[in-house]
$ cat coords-v3.cif   # mmCIF, C-alpha atoms and all ligand atoms
data_target
loop_
_atom_site.label_atom_id
_atom_site.label_comp_id
_atom_site.auth_asym_id
_atom_site.auth_seq_id
_atom_site.Cartn_x
_atom_site.Cartn_y
_atom_site.Cartn_z
CA MET N 23 53.72 38.01 -5.24
CA ASN N 24 54.68 36.96 -8.78
CA ASN N 25 54.82 39.30 -11.77
CA PHE N 26 51.56 39.35 -13.66
CA ILE N 27 49.59 40.79 -16.54
CA PHE N 28 45.89 41.21 -15.86
CA TYR N 29 43.66 42.25 -18.75
CA SER N 30 39.92 41.76 -18.33
CA PRO N 31 38.16 43.85 -20.95
CA THR N 32 34.62 42.37 -20.76
CA GLU N 33 31.88 44.97 -20.40
CA PHE N 34 29.50 43.74 -17.70
CA VAL N 35 25.97 45.12 -17.95
CA PHE N 36 24.39 44.09 -14.67
CA GLY N 37 20.91 44.41 -13.19
CA ARG N 38 17.19 44.13 -13.72
CA ASP N 39 15.88 44.11 -17.33
CA THR N 40 19.37 44.47 -18.80
CA GLU N 41 18.64 41.84 -21.49
CA ALA N 42 16.65 44.59 -23.26
CA GLN N 43 20.01 46.23 -24.03
CA THR N 44 21.37 43.23 -25.93
CA GLY N 45 20.62 44.59 -29.41
CA ALA N 46 22.22 47.95 -28.68
CA LEU N 47 25.31 46.23 -27.24
CA VAL N 48 25.67 43.96 -30.26
CA GLN N 49 25.49 47.06 -32.44
CA LYS N 50 28.10 48.84 -30.32
CA TYR N 51 30.55 45.98 -30.86
CA GLY N 52 30.04 46.20 -34.61
CA ALA N 53 28.44 42.84 -35.45
CA ARG N 54 26.81 42.47 -38.86
CA LYS N 55 25.29 39.03 -38.31
CA ILE N 56 25.17 37.03 -35.11
CA MET N 57 24.47 33.47 -34.06
CA ILE N 58 22.40 32.96 -30.91
CA VAL N 59 23.50 29.81 -29.07
CA TYR N 60 21.27 28.30 -26.38
CA GLY N 61 20.72 25.09 -24.42
CA GLY N 62 17.97 22.58 -23.85
CA GLY N 63 15.08 25.01 -23.68
CA SER N 64 15.08 26.87 -20.32
CA VAL N 65 15.47 30.18 -22.19
CA ILE N 66 12.44 29.38 -24.33
CA ARG N 67 10.30 28.46 -21.30
CA SER N 68 11.31 31.59 -19.37
CA GLY N 69 10.61 33.88 -22.32
CA LEU N 70 14.20 35.18 -22.29
CA LEU N 71 14.99 34.07 -25.83
CA ALA N 72 11.96 35.93 -27.17
CA ARG N 73 13.01 39.09 -25.30
CA VAL N 74 16.57 38.86 -26.66
CA GLU N 75 15.25 38.36 -30.19
CA LYS N 76 12.98 41.39 -29.81
CA SER N 77 15.93 43.50 -28.72
CA LEU N 78 17.98 42.35 -31.73
CA GLN N 79 15.10 43.02 -34.11
CA GLU N 80 14.64 46.53 -32.70
CA ALA N 81 18.35 47.18 -33.31
CA GLY N 82 18.07 45.75 -36.83
CA ILE N 83 20.59 42.95 -36.22
CA PRO N 84 20.16 39.82 -38.38
CA TYR N 85 20.71 36.50 -36.60
CA CYS N 86 20.55 32.74 -36.89
CA MET N 87 20.11 30.20 -34.11
CA LEU N 88 21.82 27.12 -32.72
CA GLY N 89 19.90 25.44 -29.89
CA GLY N 90 20.22 22.14 -28.05
CA VAL N 91 23.58 22.58 -26.31
CA GLN N 92 23.69 20.00 -23.52
CA PRO N 93 25.32 20.35 -20.07
CA ASN N 94 28.92 19.05 -20.34
CA PRO N 95 28.88 20.30 -23.95
CA ILE N 96 30.17 18.13 -26.77
CA ASP N 97 32.28 18.55 -29.89
CA THR N 98 29.57 17.49 -32.34
CA LYS N 99 27.50 20.58 -31.52
CA VAL N 100 30.61 22.72 -32.09
CA TYR N 101 31.13 21.26 -35.59
CA GLU N 102 27.45 21.91 -36.37
CA GLY N 103 27.85 25.53 -35.23
CA ILE N 104 31.05 26.11 -37.22
CA ASP N 105 29.36 24.90 -40.42
CA LEU N 106 26.31 27.06 -39.83
CA CYS N 107 28.38 30.18 -39.02
CA ARG N 108 30.39 29.81 -42.22
CA LYS N 109 27.25 29.30 -44.29
CA GLU N 110 25.49 32.29 -42.71
CA ASN N 111 28.54 34.61 -42.62
CA VAL N 112 28.24 35.16 -38.88
CA ASP N 113 30.75 37.53 -37.26
CA MET N 114 29.69 37.43 -33.58
CA MET N 115 28.45 34.70 -31.25
CA LEU N 116 25.74 35.48 -28.70
CA ALA N 117 25.52 32.82 -25.99
CA VAL N 118 22.22 32.92 -24.08
CA GLY N 119 22.60 30.51 -21.17
CA GLY N 120 25.22 29.10 -18.81
CA GLY N 121 28.76 27.77 -19.03
CA SER N 122 27.92 24.97 -21.45
CA VAL N 123 26.33 27.35 -23.93
CA ILE N 124 29.07 29.98 -23.56
CA ASP N 125 31.85 27.39 -23.92
CA THR N 126 30.24 26.02 -27.08
CA ALA N 127 29.97 29.55 -28.48
CA LYS N 128 33.66 30.16 -27.69
CA ALA N 129 34.71 26.90 -29.36
CA ILE N 130 32.75 27.83 -32.48
CA ALA N 131 34.22 31.35 -32.38
CA ALA N 132 37.74 29.89 -32.44
CA GLY N 133 36.89 27.22 -35.00
CA VAL N 134 35.29 29.39 -37.70
CA PRO N 135 38.42 31.27 -38.87
CA TYR N 136 40.67 28.18 -38.47
CA ASP N 137 41.38 25.86 -41.40
CA GLY N 138 42.03 22.77 -39.28
CA ASP N 139 39.98 20.88 -36.68
CA PHE N 140 38.92 23.13 -33.75
CA TRP N 141 39.88 20.27 -31.38
CA ASP N 142 43.54 21.03 -32.21
CA PHE N 143 43.26 23.99 -29.81
CA TYR N 144 42.12 21.78 -26.93
CA ILE N 145 44.91 19.22 -27.36
CA GLY N 146 47.58 21.89 -27.68
CA LYS N 147 48.27 21.23 -31.36
CA ALA N 148 47.42 24.81 -32.32
CA ILE N 149 47.07 28.18 -30.59
CA VAL N 150 44.04 30.42 -31.00
CA THR N 151 45.21 33.65 -32.59
CA LYS N 152 41.90 34.91 -33.93
CA ALA N 153 38.27 34.22 -33.22
CA LEU N 154 34.83 35.66 -33.79
CA LYS N 155 33.70 37.99 -31.02
CA VAL N 156 31.73 36.31 -28.23
CA ALA N 157 28.97 37.99 -26.21
CA VAL N 158 26.83 36.58 -23.41
CA VAL N 159 23.43 36.83 -21.78
CA LEU N 160 24.02 34.83 -18.59
CA THR N 161 21.33 32.66 -16.95
CA ILE N 162 23.27 30.77 -14.25
CA PRO N 163 26.09 31.92 -11.99
CA ALA N 164 28.52 29.01 -11.90
CA ALA N 165 31.24 28.44 -14.49
CA GLY N 166 32.30 32.09 -14.69
CA SER N 167 32.71 31.69 -18.44
CA GLU N 168 31.07 35.10 -18.96
CA GLY N 169 34.27 36.72 -17.69
CA SER N 170 36.90 34.09 -18.46
CA GLY N 171 38.85 33.30 -21.59
CA ASN N 172 38.33 29.58 -21.04
CA THR N 173 36.15 26.95 -22.67
CA VAL N 174 35.66 23.30 -21.74
CA ILE N 175 34.41 20.77 -24.30
CA THR N 176 34.01 16.98 -24.27
CA LYS N 177 35.04 14.95 -27.31
CA VAL N 178 32.39 12.27 -27.62
CA ASP N 179 34.78 9.81 -29.21
CA GLY N 180 36.86 8.70 -26.20
CA LEU N 181 35.02 10.89 -23.66
CA GLN N 182 37.86 13.37 -23.35
CA LYS N 183 36.85 16.57 -21.49
CA LEU N 184 39.47 19.26 -22.02
CA SER N 185 39.78 22.95 -21.29
CA LEU N 186 41.30 25.62 -23.48
CA ARG N 187 42.60 28.91 -22.11
CA ALA N 188 42.82 31.80 -24.57
CA PRO N 189 42.02 34.96 -22.59
CA GLY N 190 43.44 37.30 -25.23
CA VAL N 191 40.89 36.23 -27.83
CA LEU N 192 38.04 34.35 -26.18
CA ARG N 193 37.03 36.60 -23.30
CA PRO N 194 33.50 37.85 -24.04
CA VAL N 195 33.25 41.44 -25.27
CA PHE N 196 30.15 41.97 -23.12
CA ALA N 197 28.07 40.02 -20.65
CA VAL N 198 24.51 40.92 -19.78
CA MET N 199 23.76 39.78 -16.22
CA ASN N 200 20.24 40.11 -14.84
CA PRO N 201 19.98 38.28 -11.48
CA GLU N 202 16.21 37.87 -11.97
CA LEU N 203 16.97 35.46 -14.80
CA THR N 204 18.32 33.03 -12.19
CA TYR N 205 15.03 32.78 -10.21
CA THR N 206 13.95 29.83 -12.37
CA LEU N 207 17.03 27.74 -11.55
CA PRO N 208 16.21 24.43 -9.87
CA PRO N 209 17.74 24.32 -6.32
CA PHE N 210 20.23 21.64 -7.38
CA GLN N 211 21.58 23.78 -10.25
CA THR N 212 21.82 26.78 -7.92
CA ALA N 213 23.80 24.68 -5.45
CA CYS N 214 26.08 23.24 -8.16
CA GLY N 215 26.82 26.78 -9.31
CA ILE N 216 27.74 27.75 -5.76
CA ALA N 217 30.15 24.81 -5.44
CA ASP N 218 31.74 25.67 -8.78
CA MET N 219 32.36 29.33 -7.96
CA MET N 220 33.74 28.41 -4.54
CA ALA N 221 36.04 25.92 -6.25
CA HIS N 222 37.26 28.58 -8.69
CA ILE N 223 38.31 30.70 -5.74
CA MET N 224 39.89 27.82 -3.84
CA GLU N 225 41.92 26.70 -6.89
CA ARG N 226 43.61 30.11 -6.66
CA TYR N 227 43.71 30.38 -2.87
CA PHE N 228 45.62 27.13 -2.33
CA THR N 229 48.99 28.36 -3.54
CA ASN N 230 52.56 28.30 -2.25
CA THR N 231 53.22 31.80 -3.57
CA LYS N 232 54.14 34.07 -0.67
CA ASP N 233 53.00 37.66 0.00
CA VAL N 234 49.61 37.42 -1.71
CA GLU N 235 47.67 39.08 1.11
CA ILE N 236 45.37 40.98 -1.25
CA GLY N 237 44.59 37.79 -3.19
CA ASP N 238 44.01 35.85 0.04
CA ARG N 239 41.66 38.47 1.43
CA LEU N 240 39.71 38.80 -1.83
CA CYS N 241 39.30 35.03 -1.89
CA GLU N 242 38.26 34.76 1.76
CA GLY N 243 35.86 37.71 1.53
CA THR N 244 34.21 36.41 -1.62
CA LEU N 245 33.88 32.91 -0.13
CA LEU N 246 32.25 34.37 2.99
CA ALA N 247 29.80 36.34 0.83
CA ILE N 248 28.93 33.24 -1.20
CA ILE N 249 28.37 31.10 1.90
CA LYS N 250 26.06 33.75 3.41
CA GLU N 251 24.04 34.33 0.24
CA ALA N 252 23.83 30.61 -0.53
CA THR N 253 21.96 30.00 2.68
CA THR N 254 19.54 32.83 1.89
CA VAL N 255 18.92 31.84 -1.70
CA MET N 256 18.15 28.21 -0.88
CA LYS N 257 15.33 29.46 1.38
CA GLU N 258 14.25 32.41 -0.77
CA PRO N 259 14.92 31.68 -4.46
CA GLU N 260 13.48 35.06 -5.48
CA ASN N 261 15.58 37.16 -3.12
CA TYR N 262 17.04 39.68 -5.57
CA GLY N 263 19.90 40.80 -3.31
CA ALA N 264 21.12 37.28 -2.67
CA ARG N 265 20.81 36.30 -6.35
CA ALA N 266 22.65 39.48 -7.37
CA ASN N 267 25.52 38.90 -4.96
CA LEU N 268 25.86 35.30 -6.10
CA MET N 269 25.80 36.27 -9.76
CA TRP N 270 28.60 38.79 -9.35
CA SER N 271 30.57 36.39 -7.10
CA GLY N 272 30.53 33.82 -9.91
CA THR N 273 32.26 36.31 -12.19
CA ILE N 274 34.75 37.59 -9.59
CA ALA N 275 35.59 33.97 -8.75
CA HIS N 276 36.84 33.20 -12.25
CA ASN N 277 37.74 36.33 -14.20
CA GLY N 278 41.25 36.28 -12.76
CA THR N 279 40.84 38.90 -10.03
CA CYS N 280 41.33 36.45 -7.17
CA GLY N 281 44.42 34.79 -8.60
CA VAL N 282 46.67 37.58 -9.84
CA GLY N 283 50.29 37.19 -8.81
CA CYS N 284 50.02 33.63 -7.55
CA GLU N 285 50.62 30.15 -8.90
CA GLU N 286 47.16 28.56 -9.15
CA ASP N 287 46.46 24.87 -8.51
CA TRP N 288 43.55 23.42 -10.61
CA ALA N 289 44.14 19.75 -9.73
CA SER N 290 40.63 19.42 -8.24
CA HIS N 291 39.11 20.69 -11.47
CA PHE N 292 41.11 18.24 -13.55
CA LEU N 293 40.21 15.38 -11.19
CA GLU N 294 36.55 16.42 -11.57
CA HIS N 295 36.59 16.82 -15.34
CA GLU N 296 37.38 13.11 -15.60
CA ILE N 297 34.31 12.30 -13.51
CA SER N 298 31.94 14.50 -15.53
CA ALA N 299 33.44 13.24 -18.80
CA ILE N 300 32.99 9.57 -17.96
CA TYR N 301 29.86 9.65 -15.77
CA ASN N 302 28.20 12.83 -17.17
CA VAL N 303 27.52 14.32 -13.73
CA THR N 304 27.04 18.05 -13.14
CA HIS N 305 30.44 19.75 -12.79
CA GLY N 306 29.59 21.53 -9.49
CA ALA N 307 28.36 18.28 -7.91
CA GLY N 308 31.57 16.53 -8.94
CA LEU N 309 33.52 19.35 -7.30
CA SER N 310 31.63 19.13 -4.01
CA VAL N 311 32.80 15.50 -3.88
CA ILE N 312 36.40 16.02 -5.03
CA PHE N 313 37.43 19.27 -3.35
CA PRO N 314 37.00 18.08 0.26
CA ALA N 315 38.85 14.85 -0.65
CA TRP N 316 41.71 16.85 -2.21
CA MET N 317 41.89 19.08 0.89
CA THR N 318 41.88 16.08 3.22
CA TRP N 319 44.83 14.57 1.33
CA MET N 320 46.60 17.95 1.59
CA THR N 321 46.37 17.93 5.41
CA GLU N 322 49.08 15.23 5.25
CA HIS N 323 51.23 16.87 2.58
CA ASN N 324 50.95 20.68 2.73
CA VAL N 325 48.66 21.70 5.55
CA ASP N 326 49.44 25.42 6.04
CA LYS N 327 47.02 27.09 3.68
CA ILE N 328 44.26 24.57 4.43
CA ALA N 329 44.52 25.49 8.12
CA GLN N 330 44.52 29.22 7.30
CA TYR N 331 41.36 28.66 5.22
CA ALA N 332 39.69 26.77 8.08
CA ILE N 333 40.38 29.63 10.49
CA ARG N 334 39.55 32.56 8.25
CA VAL N 335 36.63 31.17 6.25
CA TRP N 336 35.03 28.67 8.62
CA GLY N 337 35.88 30.34 11.94
CA VAL N 338 37.81 27.37 13.36
CA ALA N 339 39.78 28.32 16.50
CA GLU N 340 43.55 28.65 16.04
CA SER N 341 45.72 25.90 17.49
CA ASP N 342 49.24 24.49 17.16
CA ASP N 343 47.71 21.32 15.73
CA LYS N 344 47.30 22.59 12.17
CA LYS N 345 46.06 19.27 10.87
CA ALA N 346 43.20 19.19 13.37
CA VAL N 347 42.31 22.78 12.48
CA ALA N 348 42.34 21.96 8.77
CA LEU N 349 40.23 18.82 9.22
CA GLU N 350 37.63 20.77 11.19
CA GLY N 351 37.46 23.34 8.36
CA ILE N 352 36.95 20.54 5.81
CA SER N 353 34.23 19.05 7.96
CA ARG N 354 32.43 22.44 8.05
CA LEU N 355 32.79 22.78 4.26
CA LYS N 356 31.21 19.33 3.80
CA SER N 357 28.35 20.17 6.18
CA PHE N 358 27.75 23.35 4.20
CA PHE N 359 27.63 21.43 0.90
CA THR N 360 25.26 18.89 2.44
CA SER N 361 23.03 21.69 3.78
CA ILE N 362 22.47 23.04 0.26
CA GLY N 363 21.75 19.60 -1.16
CA LEU N 364 25.10 18.68 -2.69
CA PRO N 365 26.82 15.29 -2.60
CA VAL N 366 30.16 14.90 -0.80
CA THR N 367 30.95 11.29 -1.76
CA PHE N 368 30.90 9.29 -5.00
CA LYS N 369 28.05 7.30 -3.55
CA GLU N 370 25.96 10.41 -2.93
CA LEU N 371 26.82 11.49 -6.46
CA GLY N 372 25.14 8.31 -7.66
CA ILE N 373 28.33 6.46 -8.59
CA GLU N 374 28.49 3.37 -6.38
CA ASN N 375 31.69 1.84 -7.74
CA PRO N 376 33.73 4.37 -9.68
CA ASP N 377 36.37 2.94 -11.96
CA ILE N 378 39.22 4.72 -10.20
CA ASP N 379 41.96 3.19 -12.36
CA ARG N 380 40.23 4.48 -15.47
CA LEU N 381 39.81 7.96 -13.94
CA VAL N 382 43.49 8.08 -12.93
CA ASP N 383 44.77 6.80 -16.27
CA SER N 384 42.66 9.25 -18.21
CA LEU N 385 43.61 12.16 -15.93
CA HIS N 386 47.35 11.62 -16.35
CA ARG N 387 47.03 10.86 -20.05
CA ASN N 388 45.26 14.19 -20.52
CA LYS N 389 47.19 16.33 -18.06
CA GLY N 390 50.64 14.73 -17.77
CA GLU N 391 52.61 12.84 -15.19
CA LEU N 392 52.16 15.51 -12.51
CA VAL N 393 48.92 17.42 -11.98
CA GLY N 394 48.35 20.65 -9.98
CA ASN N 395 50.77 22.93 -8.17
CA TYR N 396 49.99 23.20 -4.44
CA VAL N 397 51.40 19.68 -4.31
CA LYS N 398 52.11 18.13 -7.69
CA LEU N 399 50.10 14.92 -7.87
CA ALA N 400 51.53 11.73 -9.34
CA LYS N 401 49.29 8.80 -10.29
CA GLN N 402 49.38 7.23 -6.83
CA ASP N 403 48.37 10.55 -5.23
CA SER N 404 45.42 11.05 -7.57
CA LYS N 405 44.32 7.52 -6.81
CA GLU N 406 44.40 8.21 -3.07
CA ILE N 407 42.33 11.36 -3.52
CA TYR N 408 39.69 9.56 -5.59
CA ARG N 409 39.61 6.89 -2.86
CA LEU N 410 39.10 9.53 -0.15
CA ALA N 411 35.98 10.58 -2.05
CA LEU N 412 34.34 7.13 -1.90
O1 LIG C 501 20.02 23.70 -21.17
P1 LIG C 501 19.00 24.50 -20.50
O2 LIG C 501 17.61 24.09 -20.80
O3 LIG C 501 19.19 25.99 -20.69
O4 LIG C 501 19.13 24.21 -18.90
C1 LIG C 501 20.31 24.45 -18.16
C2 LIG C 501 21.12 23.19 -17.89
O5 LIG C 501 20.29 22.07 -17.82
C3 LIG C 501 19.93 24.90 -16.79
N1 LIG C 501 19.72 26.34 -16.67
C4 LIG C 501 20.61 27.32 -16.94
N2 LIG C 501 20.08 28.52 -16.64
C5 LIG C 501 18.82 28.28 -16.18
C6 LIG C 501 18.58 26.89 -16.21
N3 LIG C 501 17.43 26.34 -15.81
C7 LIG C 501 16.45 27.17 -15.37
N4 LIG C 501 16.62 28.53 -15.29
C8 LIG C 501 17.79 29.11 -15.67
N5 LIG C 501 17.95 30.42 -15.56
O6 LIG C 501 21.04 24.56 -15.97
C9 LIG C 501 21.66 23.41 -16.49
C10 LIG C 501 23.17 23.59 -16.43
O7 LIG C 501 23.61 24.55 -17.38
P2 LIG C 501 25.17 24.64 -17.72
O8 LIG C 501 25.34 25.70 -18.74
O9 LIG C 501 25.69 23.29 -18.02
O10 LIG C 501 25.76 25.11 -16.31
P3 LIG C 501 27.12 25.74 -15.89
O11 LIG C 501 27.12 27.21 -16.08
O12 LIG C 501 27.40 25.21 -14.56
O13 LIG C 501 28.22 25.18 -16.94
C11 LIG C 501 28.84 23.94 -16.74
C12 LIG C 501 29.91 23.69 -17.77
O14 LIG C 501 30.94 24.70 -17.69
C13 LIG C 501 32.22 24.06 -17.56
C14 LIG C 501 31.88 22.80 -16.82
O15 LIG C 501 32.90 21.84 -16.88
C15 LIG C 501 30.61 22.36 -17.52
O16 LIG C 501 30.91 21.71 -18.74
N6 LIG C 501 33.18 24.99 -16.97
C16 LIG C 501 33.57 26.03 -17.72
C17 LIG C 501 34.51 26.94 -17.27
C18 LIG C 501 34.94 28.10 -18.10
N7 LIG C 501 34.54 28.16 -19.34
O17 LIG C 501 35.68 28.99 -17.65
C19 LIG C 501 35.14 26.80 -15.96
C20 LIG C 501 34.48 25.83 -15.07
O18 LIG C 501 35.41 25.36 -14.15
C21 LIG C 501 33.81 24.67 -15.72
O19 LIG C 501 34.72 23.60 -15.92
ZN ZN C 502 34.57 24.92 -12.43
#
$ encode --input "coords-v3.cif" --output "structure tokens"
Amino acid sequence: MNNFIFYSPTEFVFGRDTEAQTGALVQKYGARKIMIVYGGGSVIRSGLLARVEKSLQEAGIPYCMLGGVQPNPIDTKVYEGIDLCRKENVDMMLAVGGGSVIDTAKAIAAGVPYDGDFWDFYIGKAIVTKALKVAVVLTIPAAGSEGSGNTVITKVDGLQKLSLRAPGVLRPVFAVMNPELTYTLPPFQTACGIADMMAHIMERYFTNTKDVEIGDRLCEGTLLAIIKEATTVMKEPENYGARANLMWSGTIAHNGTCGVGCEEDWASHFLEHEISAIYNVTHGAGLSVIFPAWMTWMTEHNVDKIAQYAIRVWGVAESDDKKAVALEGISRLKSFFTSIGLPVTFKELGIENPDIDRLVDSLHRNKGELVGNYVKLAKQDSKEIYRLAL
């Protein structure tokens, strides 16, 4: 196990009706004026936004609003938010929604106190040293942004989708998580969230770091819980227990718990970000296509952990033929994705003829000559993985 520092100070307020506590929580964290950020309208239709506003009004917290954040959020909305925050003297962001809304709120939070262009942080030209506080009312378990210090934004000019990691400053101060808020999710969004949280665990699990038994077992146990609850929730969307377990799994998957002390991979995410940047597909659906392809390529290049995963997560029988074991595990993963309505090929994703050269060029331009850690991928390797996903 490698040395590590793990600091995860978010206060999670979890359970039924917890959104009613939002005003009191905002007060506790000392905000004078907040900006509510939300998406395309699901929080209006569900009545959640009205309940959050009521809670703020009862606590006497003034606020302004920024709506219309789109999935795969874009830089232009961030600029709009930065201007509004400065004009309104906002000192805390309140994201009411999913990863796209939270990531936009984080980008604005970093951009407001910075003199330059907020995009500098995403291209590594500047480091975030201060930011407005960010708080969350979560409506979809998926990206894990409620417990992470990460944000992912797409620059419209050039379709560059980049992530920024600043856990010291951008981790939310609190996250309200009421599983009942996820009952209204369309089945496809539920499934995409499941693929994303599984991917967050697998990015950490596929490591060459030795002696990470606790990490391995946390990853395997959480994956098993997700797979079980996914099957339930697809049949019974209003099953509170299943929704609750999935919601907490989404946080555990990405707040760092599963990856402490190991070198994480993240190549599959970077391969996917190119797809969602260029073709605007849902992140989780891109991952259900790319991850099995990445794993299949790994059976030829570094099979050990893939075989361990097949045995421990998918119950494949042990054998000396590790490649066969690994391939059977991948086949069971794909069947699982298919069973919850997710695509496992580009074609099923609705992209008949992906421009693989463009994806590869953009990936390595954004992320460097070598991508990932489990096996470092050069251009030719990335190309082969995209091809395996056809
Ligand atoms: O926009 P509205 O109308 O709210 O609808 C949303 C949106 O269309 C809808 N939705 C959310 N909660 C709902 C609901 N519909 C009905 N009932 C509810 N309770 O779901 C759609 C997707 O929302 P979005 O916020 O885009 O989903 P998600 O949480 O999956 O976020 C995806 C984004 O997060 C990034 C992804 O790349 C993508 O841009 N990621 C962020 C990470 C992070 N910050 O740590 C890590 C991830 O790996 C990921 O890359
Ligand atoms: Zn993800």
$ residues_near_ligand --input "coords-v3.cif" --ligand "ligand ZN 502 (chain C)" --cutoff "10 Å" --atoms "all atoms listed in the file" --output "PyMOL selection string"
chain N and resi 121+164-167+174+214-223+225+275-276+288+290-292+294-295+305-306+308-309
$ write_last_selection --input "coords-v3.cif" --atoms "C-alpha atoms" --output "compact mmCIF listing (two decimals), in the frame of the given file"
# COMPACT_ATOMS: atom_id res chain seq x y z
CA GLY N 121 28.76 27.77 -19.03
CA ALA N 164 28.52 29.01 -11.90
CA ALA N 165 31.24 28.44 -14.49
CA GLY N 166 32.30 32.09 -14.69
CA SER N 167 32.71 31.69 -18.44
CA VAL N 174 35.66 23.30 -21.74
CA CYS N 214 26.08 23.24 -8.16
CA GLY N 215 26.82 26.78 -9.31
CA ILE N 216 27.74 27.75 -5.76
CA ALA N 217 30.15 24.81 -5.44
CA ASP N 218 31.74 25.67 -8.78
CA MET N 219 32.36 29.33 -7.96
CA MET N 220 33.74 28.41 -4.54
CA ALA N 221 36.04 25.92 -6.25
CA HIS N 222 37.26 28.58 -8.69
CA ILE N 223 38.31 30.70 -5.74
CA GLU N 225 41.92 26.70 -6.89
CA ALA N 275 35.59 33.97 -8.75
CA HIS N 276 36.84 33.20 -12.25
CA TRP N 288 43.55 23.42 -10.61
CA SER N 290 40.63 19.42 -8.24
CA HIS N 291 39.11 20.69 -11.47
CA PHE N 292 41.11 18.24 -13.55
CA GLU N 294 36.55 16.42 -11.57
CA HIS N 295 36.59 16.82 -15.34
CA HIS N 305 30.44 19.75 -12.79
CA GLY N 306 29.59 21.53 -9.49
CA GLY N 308 31.57 16.53 -8.94
CA LEU N 309 33.52 19.35 -7.30
$ closest_atom_pairs --input "coords-v3.cif" --of "chain N" --to "ligand LIG 501 (chain C)" --cutoff "8 Å" --atoms "all atoms listed in the file" --output "CSV"
residue,atom,partner,partner_atom,distance
N:Tyr60,CA,C:LIG501,O3,6.5
N:Gly61,CA,C:LIG501,O1,3.6
N:Gly62,CA,C:LIG501,O2,3.4
N:Gly63,CA,C:LIG501,O2,3.9
N:Ser64,CA,C:LIG501,O2,3.8
N:Val65,CA,C:LIG501,O3,5.8
N:Ser68,CA,C:LIG501,N4,7.4
N:Gly90,CA,C:LIG501,O1,7.1
N:Val91,CA,C:LIG501,O1,6.4
N:Gln92,CA,C:LIG501,O1,5.7
N:Pro93,CA,C:LIG501,O9,3.6
N:Asn94,CA,C:LIG501,O16,3.7
N:Pro95,CA,C:LIG501,O16,5.8
N:Gly119,CA,C:LIG501,N2,5.6
N:Gly120,CA,C:LIG501,O8,3.4
N:Gly121,CA,C:LIG501,O13,3.4
N:Ser122,CA,C:LIG501,O8,3.8
N:Val123,CA,C:LIG501,O8,5.5
N:Ile124,CA,C:LIG501,N7,7.1
N:Asp125,CA,C:LIG501,N7,5.4
N:Leu160,CA,C:LIG501,N2,7.7
N:Thr161,CA,C:LIG501,N5,4.3
N:Ile162,CA,C:LIG501,N2,4.6
N:Pro163,CA,C:LIG501,O11,6.3
N:Ala164,CA,C:LIG501,O11,4.8
N:Ala165,CA,C:LIG501,C20,4.2
N:Gly166,CA,C:LIG501,O17,5.5
N:Ser167,CA,C:LIG501,N7,4.1
N:Glu168,CA,C:LIG501,O17,7.8
N:Gly169,CA,C:LIG501,O17,7.9
N:Ser170,CA,C:LIG501,O17,5.3
N:Gly171,CA,C:LIG501,O17,6.6
N:Asn172,CA,C:LIG501,O17,4.3
N:Thr173,CA,C:LIG501,N7,3.9
N:Val174,CA,C:LIG501,C16,5.3
N:Ile175,CA,C:LIG501,O16,6.6
N:Thr176,CA,C:LIG501,O16,7.9
N:Ser185,CA,C:LIG501,O19,7.4
N:Leu203,CA,C:LIG501,N5,5.2
N:Thr204,CA,C:LIG501,N5,4.3
N:Tyr205,CA,C:LIG501,N5,6.5
N:Thr206,CA,C:LIG501,N4,4.2
N:Leu207,CA,C:LIG501,N4,3.8
N:Pro208,CA,C:LIG501,C7,6.1
N:Gln211,CA,C:LIG501,O6,5.8
N:Cys214,CA,C:LIG501,O12,6.8
N:Gly215,CA,C:LIG501,O12,5.5
N:Asp218,CA,C:LIG501,O18,6.5
N:Met219,CA,C:LIG501,O18,8.0
N:Ala221,CA,C:LIG501,O18,7.9
N:His222,CA,C:LIG501,O18,6.6
N:His276,CA,C:LIG501,O17,6.9
N:His291,CA,C:LIG501,O18,6.5
N:His295,CA,C:LIG501,O15,6.4
N:Ser298,CA,C:LIG501,O15,7.5
N:Thr304,CA,C:LIG501,C15,7.1
N:His305,CA,C:LIG501,O15,5.2
N:Gly306,CA,C:LIG501,O12,6.6
$ residues_around --input "coords-v3.cif" --residues "N:Asn267" --least-positions-apart "5" --cutoff "10 Å" --atoms "all atoms listed in the file" --output "PyMOL selection string"
chain N and resi 163+201+244+247-248+250-252+262+272
$ atom_distance --input "coords-v3.cif" --atom1 "atom CA of N:Asp379" --atom2 "atom CA of N:Glu285"
28.5 Å
$ closest_residue --input "coords-v3.cif" --among "N:Asn230, N:Asn25, N:Asn261, N:Ser353" --to "N:Glu202" --atoms "all atoms listed in the file"
N:Asn261
$ atom_distance --input "coords-v3.cif" --atom1 "atom CA of N:Cys107" --atom2 "atom CA of N:Tyr29"
28.1 Å
$ closest_residue --input "coords-v3.cif" --among "N:Met199, N:Ala81, N:Ala148, N:Met115" --to "N:Glu33" --atoms "all atoms listed in the file"
N:Met199
$ atom_distance --input "coords-v3.cif" --atom1 "atom CA of N:Glu102" --atom2 "atom CA of N:Gly89"
10.6 Å
$ closest_residue --input "coords-v3.cif" --among "N:Gly390, N:Pro209, N:Gly283, N:Pro194" --to "N:Val234" --atoms "all atoms listed in the file"
N:Gly283
$ residues_around --input "coords-v3.cif" --residues "stretch 139-143 of chain N" --least-positions-apart "3" --cutoff "12 Å" --atoms "all atoms listed in the file" --output "VMD selection string"
chain N and resid 96 to 105 126 128 to 136 146 to 153 172 to 179 182 to 188
$ residues_near_point --input "coords-v3.cif" --point "(41.5, 37.7, -5.4)" --cutoff "9 Å" --atoms "all atoms listed in the file" --output "PyMOL selection string"
chain N and resi 223+226-227+234+236-244+274-275+278-282
